Protein chains: 2
Amino acid sequence: MRPLIAVCTFTIAVAVFAQPPSSDHPAPPDLKSELLAVRDAALTDDYAYQQVAHLADNIGPRPAGSPQAQAAVEYVAEELRKLKLDVKLEEVRVPHWVRRVESAELVEYPGQASQTQQKIFVTALGGNTPTSAAGLTADVVVARSFDELQALGHAKVAGRIVLFDVSFDKQKAAAGLAGEAYGEAVAYRGNGPRSAADLGAAACLVRSVGGADYRLPHTGFSQPAGIPAGAVSAEDAGLIARLAAQGNVRMHLTLTSQNEADVTSYNVVGDLRGSEHPEQVVIVSGHLDSWDLGTGAIDDGAGVAIAMETAQLLRQLNLQPRRTIRVIAWMDEENGGRGHDAYAKDHASEMARHFAAIESDLGAGHPFGFEAKINPDALPLLKPVQEVLQSFGANVIHLSTRSPGSDIAPLARAGVPAFGILQDSRTYFNYHHSAADTLDKIVPQELRENAAAMAVLADALANLPGPLPR
Amino acid sequence: MRPLIAVCTFTIAVAVFAQPPSSDHPAPPDLKSELLAVRDAALTDDYAYQQVAHLADNIGPRPAGSPQAQAAVEYVAEELRKLKLDVKLEEVRVPHWVRRVESAELVEYPGQASQTQQKIFVTALGGNTPTSAAGLTADVVVARSFDELQALGHAKVAGRIVLFDVSFDKQKAAAGLAGEAYGEAVAYRGNGPRSAADLGAAACLVRSVGGADYRLPHTGFSQPAGIPAGAVSAEDAGLIARLAAQGNVRMHLTLTSQNEADVTSYNVVGDLRGSEHPEQVVIVSGHLDSWDLGTGAIDDGAGVAIAMETAQLLRQLNLQPRRTIRVIAWMDEENGGRGHDAYAKDHASEMARHFAAIESDLGAGHPFGFEAKINPDALPLLKPVQEVLQSFGANVIHLSTRSPGSDIAPLARAGVPAFGILQDSRTYFNYHHSAADTLDKIVPQELRENAAAMAVLADALANLPGPLPR
């Protein structure tokens with residue numbers, strides 16, 4: 001998941017969660033029983049877990065442009081062909097950012113023992129400009145907000161390494177407002193380097209955006225600023241800030257990661273053809289690329305796996321919805337979004353035939369239901385979905401004015417009804433974009449619940465008798 | 001803290017904790033009021049926090065033999081001189097183990113994408129034999145116990161890299177049995193490499209001994225085995241085990257850390273001379289060296305800091321106990337224990353004059369009281385201590401048959417009454433021996449409670465009218 005999308009997903013969900021769906025709009029009995037069958041199959045199936053296990057364990061980190069991303073494209077395409085989907089690889093030119101040397105040491109600081117330095121745990125941010133191979137050495141200036149940086153001004157910032165020491169609000173995340181906590185802190189990762197560069201900084205570091213305290217740097221995209229940009233662990237941000245309060249702190253910083261030439265890659269698109277309206281499409285999706293530090297299990301192998309599971313369940317149950325179910329494994333969600341941009345451009349003339357789009361990109365925790373950018377008049381048509389998902393507490397539909405996922409944002413802007421799965425994300429940002437995004441973070445039964453939510457919603461949408469109000 | 005000491009400290013404490021101290025043995029009113037004054041001063045003082053902050057932040061990691069360890073020796077000696085203690089640097093020859101290159105990659109595994117490898121998060125263990133600079137490449141064999149390794153036998157182990165995938169029991173730790181959980185898992189770090197070497201293994205890796213899941217390798221001492229030895233993160237152990245269950249896994253492993261020539265270092269010994277029996281000594285202590293990955297805040301800058309605080313509080317309150325209070329900052333607790341061995345040898349003839357010894361080496365969490373290897377007949381004499389510490393719940397005295405700390409173990413063996421502070425260690429092993437052992441893990445008020453516990457006990461012991469039964 002990238003910085004600026006889905007940031008507020010979790011904030012209002014609890015209130016909505018308290019509303020049980022009414023039974024004013026009963027589902028046609030045959031659809032209801034089909035949805036129940038889909039749900040029950042999903043809650044006992046291991047296909048999605050096997051898929052994310054393969055992506056995370058066997059293929060591993062899948063940054064756009066990497067051999068692993070290409071292997072993942074081929075793997076998912078082949079798996080969807082095994083399900084007898086009509087599979088297309090839709091070409092996308094993607095950035096190919098390669099992490100190289102990243103290291104930092106404090107070389108001068110108050111109370112320093114002779115002949116010693118202190119190691120700083122740092123990781124490069126996507127979009128950054130590299131240092132030279134030898135790195136750069138400069139004094140560090142600490143700011144706790146954009147305002148503090150502006151108050152320091154050019155005289156105190158120029159030629160220095162700026163550290164934005166802005167904490168992720170752990171209490172807010174624990175209270176179920178992880179998206180809001182993320183949004184507040186990620187502004188510094190996204191825009192901090194540019195604001196530092198505007199004042200002549202030599203480089204910019206941010207405190208990692210995440211809730212854990214295990215010396216874990218979190219990477220992510222930042223707006224290109226023309227200066228090197230990285231994230232340090234929460235502990236290192238605290239250390240530097242404490243030392244800088246005592247006296248001068250000087251750092252040697254090496255971040256040689258950079259963009260190689262663009263690479264041809266693909267969105268994987270697999271259609272399970274509709275029986276009555278094959279030209280009308282319901283998208284189920286997650287993104288196939290990941291950051292490179294971890295193995296991309298919760299961000300977002302899980303999303304791809306449950307989208308694949310939707311098709312698998314329909315095949316397993318010999319179901320063919322009236323509309324086409326389109327599985328999409330998006331490419332390059334993390335480092336620029338070229339995949340969804342390409343899809344929106346290539347399919348621009350078909351937006352009216354996109355009946356709805358569903359995405360999962362907030363981990364694999366227990367789903368409470370959906371965030372939806374839809375016309376409220378569509379809500380009564382979704383009652384059967386809520387009734388079927390209520391058994392495991394996934395019956396929320398939380399209306400939103402923004403896209404509930406970054407890859408379906410262009411579709412949402414074009415008026416396509418857009419749904420994102422609303423996961424329990426209280427611990428998501430502890431692991432997100434870090435080396436600790438690994439398979440063990442997925443609880444198999446919670447993944448099954450996510451698969452059930454996506455499959456039931458997709459099957460219901462694809463079988464509705466009439467159109468969804470836009 | 002090292003492997004095999006204090007492993008069981010926490011297991012029986014809860015039962016003892018339930019016993020309120022009786023008032024059958026009231027303290028002399030003047031001592032009781034002195035202890036109350038010491039306690040109250042400790043609970044509002046920042047000296048200990050300032051000391052551990054300097055050790056962790058300004059000096060940093062302090063492995064035995066390092067320039068930082070020497071700087072720490074000089075710093076603590078100078079601080080104790082400021083308190084007008086009689087300070088001696090007692091010479092110790094210590095190992096000088098230097099961490100160098102450490103890296104591991106899976107180079108062959110089931111489902112591997114072409115031209116790719118998987119990075120493994122590994123750290124070298126103290127006592128290990130280095131690989132060559134180029135590293136070694138071998139197949140990996142996974143064992144979940146010593147018995148499983150034996151069952152594999154020489155044929156399946158020889159020439160391979162053994163991975164002991166033995167989990168730290170998080171539930172046990174959460175239930176207050178962290179020491180027991182640690183003891184079970186650390187057996188593999190301590191003795192796994194030797195058992196693997198006995199079957200001809202090329203190298204040995206263990207799953208990190210710790211309760212966190214943030215891709216964090218934990219170092220520590222292992223018995224020299226003549227083969228390279230390291231610890232991988234919990235996630236990497238799981239990954240390797242899952243892949244090895246699918247087919248052959250081959251690893252390239254580089255661990256070039258090794259011992260340099262021994263170095264002269266020091267135990268820092270500072271005496272606050274007793275008013276009536278200056279020849280009788282009550283030791284307050286922690287260890288000054290740390291592992292090199294973190295900054296040694298909870299293991300064991302905190303212990304040194306609260307021992308220093310004991311002297312500071314007595315000076316602040318103008319108190320001179322009847323016996324000598326001896327502050328010791330031990331050297332080389334982590335990598336062989338040369339500091340306490342040297343002390344025991346150099347002071348062998350003075351054991352009868354060592355009235356008691358106190359150590360803190362289980363972090364800086366809330367103290368419940370003490371573990372004590374003492375004659376039970378001494379318990380009534382400690383009632384005033386329990387009464388004074390009960391206000392913040394530090395009144396447990398848990399009798400043990402083993403030394404409650406590794407640095408005072410030689411003294412305990414010689415019959416000296418030995419006390420260890422019994423901290424809440426439920427999260428201690430999440431951070432212990434890892435890069436995440438940093439200042440932010442210390443809650444200032446909990447550190448003050450530890451200082452209060454140590455200072456009150458030490459002052460009481462140093463003022464007892466008669467001998468402590470041995």
# chains A, B, ... in the order shown; residues from 1 in each chain; ligands from 1
call {"tool": "interface_residues", "arguments": {"of": "chain A", "to": "chain B", "cutoff": "7 Å", "atoms": "only C-alpha atoms", "output": "list in words"}}
result
Asp57, Asn58, Ile59, Gly60, Pro67, Gln68, Ala71, Pro110, Gly111, Gln112, Ala113, Gln115, Thr116, Gln118, Tyr214, Arg215, Glu235, Leu239, Ala435, Ala436 and Asp440 of chain A
call {"tool": "residues_around", "arguments": {"residues": "region 285-287 of chain B", "least_positions_apart": "2", "cutoff": "9 Å", "atoms": "only C-alpha atoms", "output": "JSON, numbers by chain"}}
result
{"B": [1, 267, 283, 289, 290, 299, 300, 301, 302, 303, 304, 305, 306, 307, 308, 326, 327, 328, 329, 330, 331, 332, 333, 334, 357, 358, 359, 360, 361, 407, 408]}
call {"tool": "write_last_selection", "arguments": {"atoms": "C-alpha atoms", "output": "compact mmCIF listing (two decimals), in the first residue's frame"}}
result
# COMPACT_ATOMS: atom_id res chain seq x y z
CA MET B 1 22.74 -11.59 30.48
CA ASN B 267 36.25 -4.20 36.41
CA ILE B 283 28.45 -5.30 46.55
CA ASP B 289 30.06 -4.68 28.68
CA SER B 290 27.24 -5.37 26.23
CA ASP B 299 21.54 -5.52 29.08
CA ASP B 300 23.05 -4.14 31.18
CA GLY B 301 23.63 -0.41 31.25
CA ALA B 302 20.59 -0.29 33.51
CA GLY B 303 22.26 -2.56 36.08
CA VAL B 304 25.40 -0.44 36.21
CA ALA B 305 23.35 2.72 36.43
CA ILE B 306 21.28 1.63 39.42
CA ALA B 307 24.40 0.39 41.22
CA MET B 308 25.94 3.83 40.69
CA ARG B 326 31.13 -1.48 46.83
CA VAL B 327 29.90 -0.49 43.40
CA ILE B 328 31.16 -2.88 40.71
CA ALA B 329 30.73 -2.45 36.97
CA TRP B 330 31.70 -5.89 35.73
CA MET B 331 33.57 -6.42 32.49
CA ASP B 332 32.96 -9.24 29.99
CA GLU B 333 29.83 -10.76 31.38
CA GLU B 334 28.64 -11.55 27.87
CA ALA B 357 26.45 -9.21 46.81
CA ILE B 358 23.63 -7.71 44.72
CA GLU B 359 23.40 -7.74 40.94
CA SER B 360 20.88 -6.49 38.41
CA ASP B 361 20.99 -8.21 35.02
CA ASP B 407 28.70 -12.08 37.80
CA ILE B 408 28.06 -12.83 41.47
call {"tool": "closest_residue", "arguments": {"among": "B:Glu90, B:Asp45, B:Glu279, B:Asp147", "to": "Ala77 (chain B)", "atoms": "only C-alpha atoms"}}
result
B:Glu90
call {"tool": "residues_around", "arguments": {"residues": "Thr310 (chain B)", "least_positions_apart": "6", "cutoff": "10 Å", "atoms": "only C-alpha atoms", "output": "MDAnalysis selection string"}}
result
chainID B and resid 38 42 47:48 284:285 316 325:327 451:459
call {"tool": "residues_around", "arguments": {"residues": "Pro95 (chain A)", "least_positions_apart": "2", "cutoff": "9 Å", "atoms": "only C-alpha atoms", "output": "list of chain:residue names"}}
result
A:Ala64, A:Gly65, A:Arg93, A:Trp97, A:Asn259, A:Glu260, A:Ala261, A:Asp262, A:Val263, A:Thr264, A:Asp332, A:Asn335, A:Gly336, A:Arg338
call {"tool": "select_by_dssp", "arguments": {"residues": "region 76-220 of chain A", "states": "strand (DSSP E or B)", "output": "PyMOL selection string"}}
result
chain A and resi 86-98+102-108+118-120+122-124+126+136-143+161-164+203-207
call {"tool": "select_by_dssp", "arguments": {"residues": "region 113-270 of chain A", "states": "alpha helix (DSSP H)", "output": "JSON, numbers by chain"}}
result
{"A": [146, 147, 148, 149, 150, 151, 152, 153, 154, 155, 156, 157, 170, 171, 172, 173, 174, 178, 179, 180, 181, 182, 183, 184, 185, 186, 187, 188, 189, 190, 191, 192, 193, 194, 195, 196, 197, 198, 234, 235, 236, 237, 238, 239, 240, 241, 242, 243, 244, 245, 246]}
call {"tool": "atom_distance", "arguments": {"atom1": "CA of Ala155 (chain A)", "atom2": "CA of Ala124 (chain A)"}}
result
26.1 Å
call {"tool": "atom_distance", "arguments": {"atom1": "CA of Ala201 (chain B)", "atom2": "CA of Gly159 (chain B)"}}
result
5.0 Å
call {"tool": "closest_residue", "arguments": {"among": "B:Ala174, B:Ser275, B:Asp292, B:Val140", "to": "Asn248 (chain B)", "atoms": "only C-alpha atoms"}}
result
B:Val140
call {"tool": "residues_around", "arguments": {"residues": "Ala231 (chain B)", "least_positions_apart": "4", "cutoff": "10 Å", "atoms": "only C-alpha atoms", "output": "ChimeraX atom specification"}}
result
/B:121-125,163-164,189,204-209,216-220,236-237
call {"tool": "write_last_selection", "arguments": {"atoms": "N, CA and C atoms", "output": "compact mmCIF listing (two decimals), in the first residue's frame"}}
result
# COMPACT_ATOMS: atom_id res chain seq x y z
N PHE B 121 18.35 -13.03 7.12
CA PHE B 121 18.85 -12.12 8.16
C PHE B 121 19.58 -12.95 9.22
N VAL B 122 20.88 -12.78 9.29
CA VAL B 122 21.72 -13.61 10.14
C VAL B 122 22.68 -12.74 10.93
N THR B 123 23.05 -13.20 12.10
CA THR B 123 24.11 -12.54 12.87
C THR B 123 25.00 -13.60 13.48
N ALA B 124 26.28 -13.27 13.58
CA ALA B 124 27.24 -14.24 14.13
C ALA B 124 27.06 -14.37 15.64
N LEU B 125 27.34 -15.56 16.16
CA LEU B 125 27.33 -15.79 17.60
C LEU B 125 28.75 -15.66 18.14
N LEU B 163 20.42 -26.10 10.67
CA LEU B 163 19.57 -25.06 11.27
C LEU B 163 18.75 -25.68 12.39
N PHE B 164 18.96 -25.22 13.62
CA PHE B 164 18.07 -25.60 14.72
C PHE B 164 16.89 -24.64 14.72
N ARG B 189 21.34 -22.40 21.27
CA ARG B 189 22.38 -21.44 20.94
C ARG B 189 23.69 -21.84 21.62
N CYS B 204 26.63 -24.05 11.72
CA CYS B 204 25.39 -24.23 12.48
C CYS B 204 24.70 -22.89 12.65
N LEU B 205 23.41 -22.88 12.38
CA LEU B 205 22.58 -21.70 12.62
C LEU B 205 21.49 -22.08 13.62
N VAL B 206 21.10 -21.13 14.44
CA VAL B 206 19.97 -21.36 15.33
C VAL B 206 18.91 -20.29 15.06
N ARG B 207 17.67 -20.65 15.32
CA ARG B 207 16.60 -19.66 15.34
C ARG B 207 16.89 -18.72 16.51
N SER B 208 16.78 -17.42 16.30
CA SER B 208 17.11 -16.47 17.35
C SER B 208 16.31 -16.74 18.61
N VAL B 209 16.97 -16.58 19.74
CA VAL B 209 16.32 -16.79 21.02
C VAL B 209 15.70 -15.47 21.44
N LEU B 216 14.43 -9.86 13.38
CA LEU B 216 15.49 -9.36 14.25
C LEU B 216 16.37 -10.51 14.72
N PRO B 217 17.60 -10.61 14.25
CA PRO B 217 18.46 -11.67 14.79
C PRO B 217 19.03 -11.26 16.16
N HIS B 218 19.14 -12.24 17.03
CA HIS B 218 19.69 -12.03 18.38
C HIS B 218 21.02 -12.76 18.47
N THR B 219 22.05 -12.07 18.90
CA THR B 219 23.34 -12.71 19.07
C THR B 219 23.44 -13.30 20.48
N GLY B 220 24.64 -13.73 20.86
CA GLY B 220 24.87 -14.30 22.18
C GLY B 220 26.03 -15.26 22.10
N ASP B 236 13.23 -15.97 9.28
CA ASP B 236 14.10 -16.69 8.34
C ASP B 236 14.19 -18.16 8.70
N ALA B 237 14.17 -18.47 10.00
CA ALA B 237 14.15 -19.88 10.38
C ALA B 237 12.89 -20.54 9.84
call {"tool": "atom_distance", "arguments": {"atom1": "CA of Pro224 (chain B)", "atom2": "CA of Val157 (chain B)"}}
result
18.5 Å
call {"tool": "residues_around", "arguments": {"residues": "Ala412 (chain A)", "least_positions_apart": "3", "cutoff": "12 Å", "atoms": "only C-alpha atoms", "output": "VMD selection string"}}
result
chain A and resid 283 340 344 351 to 352 354 to 359 372 to 375 400 to 409 415 to 420 470
call {"tool": "decode", "arguments": {"residues": "region 247-289 of chain A", "atoms": "N, CA and C atoms", "output": "compact mmCIF listing (two decimals), in the first residue's frame"}}
result
# COMPACT_ATOMS: atom_id res chain seq x y z
N GLY A 247 24.33 18.66 21.42
CA GLY A 247 25.42 19.31 20.70
C GLY A 247 25.43 18.88 19.24
N ASN A 248 26.54 19.12 18.59
CA ASN A 248 26.59 18.87 17.15
C ASN A 248 26.65 17.37 16.83
N VAL A 249 25.87 16.98 15.84
CA VAL A 249 25.86 15.59 15.38
C VAL A 249 26.19 15.58 13.90
N ARG A 250 27.17 14.79 13.52
CA ARG A 250 27.61 14.73 12.14
C ARG A 250 27.48 13.29 11.66
N MET A 251 26.97 13.12 10.45
CA MET A 251 26.68 11.78 9.93
C MET A 251 27.36 11.53 8.59
N HIS A 252 27.82 10.30 8.44
CA HIS A 252 28.23 9.82 7.12
C HIS A 252 27.11 8.94 6.59
N LEU A 253 26.62 9.28 5.41
CA LEU A 253 25.42 8.64 4.86
C LEU A 253 25.70 8.13 3.45
N THR A 254 25.41 6.86 3.24
CA THR A 254 25.57 6.28 1.91
C THR A 254 24.26 5.62 1.50
N LEU A 255 23.69 6.09 0.42
CA LEU A 255 22.43 5.53 -0.12
C LEU A 255 22.58 5.51 -1.64
N THR A 256 23.03 4.39 -2.16
CA THR A 256 23.32 4.37 -3.59
C THR A 256 22.21 3.75 -4.43
N SER A 257 21.09 3.43 -3.79
CA SER A 257 19.95 2.90 -4.55
C SER A 257 19.54 3.89 -5.62
N GLN A 258 19.11 3.39 -6.78
CA GLN A 258 18.66 4.32 -7.81
C GLN A 258 17.85 3.62 -8.87
N ASN A 259 17.24 4.41 -9.73
CA ASN A 259 16.47 3.87 -10.84
C ASN A 259 17.37 3.44 -11.98
N GLU A 260 17.16 2.23 -12.44
CA GLU A 260 17.72 1.76 -13.70
C GLU A 260 16.74 2.16 -14.81
N ALA A 261 17.06 1.75 -16.02
CA ALA A 261 16.13 2.03 -17.14
C ALA A 261 14.80 1.31 -16.90
N ASP A 262 13.72 1.91 -17.38
CA ASP A 262 12.40 1.28 -17.27
C ASP A 262 12.42 -0.11 -17.89
N VAL A 263 11.50 -0.93 -17.41
CA VAL A 263 11.43 -2.34 -17.80
C VAL A 263 10.00 -2.62 -18.25
N THR A 264 9.86 -3.53 -19.19
CA THR A 264 8.51 -3.98 -19.57
C THR A 264 8.02 -5.00 -18.56
N SER A 265 6.87 -4.74 -18.01
CA SER A 265 6.25 -5.70 -17.11
C SER A 265 4.76 -5.79 -17.45
N TYR A 266 3.97 -6.35 -16.56
CA TYR A 266 2.59 -6.68 -16.92
C TYR A 266 1.66 -6.61 -15.74
N ASN A 267 0.42 -6.15 -15.98
CA ASN A 267 -0.72 -6.51 -15.15
C ASN A 267 -1.18 -7.88 -15.63
N VAL A 268 -1.43 -8.77 -14.69
CA VAL A 268 -1.99 -10.07 -15.07
C VAL A 268 -3.52 -9.96 -14.97
N VAL A 269 -4.20 -10.25 -16.07
CA VAL A 269 -5.65 -10.08 -16.15
C VAL A 269 -6.27 -11.41 -16.58
N GLY A 270 -7.10 -11.97 -15.72
CA GLY A 270 -7.72 -13.27 -16.02
C GLY A 270 -9.23 -13.21 -15.92
N ASP A 271 -9.92 -13.54 -16.99
CA ASP A 271 -11.39 -13.43 -17.01
C ASP A 271 -12.06 -14.79 -16.84
N LEU A 272 -13.00 -14.83 -15.92
CA LEU A 272 -13.94 -15.94 -15.84
C LEU A 272 -15.21 -15.40 -16.49
N ARG A 273 -15.46 -15.84 -17.71
CA ARG A 273 -16.43 -15.23 -18.59
C ARG A 273 -17.85 -15.35 -18.06
N GLY A 274 -18.58 -14.24 -18.08
CA GLY A 274 -19.95 -14.23 -17.59
C GLY A 274 -20.88 -14.99 -18.52
N SER A 275 -21.98 -15.53 -17.95
CA SER A 275 -22.90 -16.35 -18.72
C SER A 275 -23.90 -15.51 -19.53
N GLU A 276 -24.29 -14.34 -18.99
CA GLU A 276 -25.30 -13.54 -19.67
C GLU A 276 -24.76 -12.22 -20.21
N HIS A 277 -23.89 -11.60 -19.43
CA HIS A 277 -23.32 -10.30 -19.82
C HIS A 277 -21.80 -10.37 -19.76
N PRO A 278 -21.20 -11.17 -20.63
CA PRO A 278 -19.75 -11.33 -20.53
C PRO A 278 -18.99 -10.02 -20.73
N GLU A 279 -19.64 -9.07 -21.37
CA GLU A 279 -18.94 -7.80 -21.61
C GLU A 279 -18.90 -6.94 -20.35
N GLN A 280 -19.73 -7.27 -19.36
CA GLN A 280 -19.72 -6.51 -18.10
C GLN A 280 -18.76 -7.17 -17.11
N VAL A 281 -17.94 -6.35 -16.47
CA VAL A 281 -16.80 -6.88 -15.71
C VAL A 281 -16.88 -6.48 -14.24
N VAL A 282 -16.67 -7.46 -13.38
CA VAL A 282 -16.46 -7.20 -11.94
C VAL A 282 -15.01 -7.56 -11.63
N ILE A 283 -14.24 -6.58 -11.20
CA ILE A 283 -12.81 -6.81 -10.93
C ILE A 283 -12.61 -7.26 -9.50
N VAL A 284 -11.81 -8.29 -9.31
CA VAL A 284 -11.27 -8.66 -7.99
C VAL A 284 -9.76 -8.55 -8.10
N SER A 285 -9.10 -7.88 -7.13
CA SER A 285 -7.69 -7.56 -7.37
C SER A 285 -6.89 -7.29 -6.11
N GLY A 286 -5.59 -7.42 -6.29
CA GLY A 286 -4.57 -7.02 -5.33
C GLY A 286 -3.34 -6.67 -6.14
N HIS A 287 -2.30 -6.19 -5.49
CA HIS A 287 -1.11 -5.87 -6.31
C HIS A 287 0.02 -6.87 -6.12
N LEU A 288 0.64 -7.18 -7.23
CA LEU A 288 1.61 -8.27 -7.29
C LEU A 288 3.00 -7.82 -6.91
N ASP A 289 3.32 -6.57 -7.20
CA ASP A 289 4.64 -6.07 -6.79
C ASP A 289 4.64 -5.83 -5.29
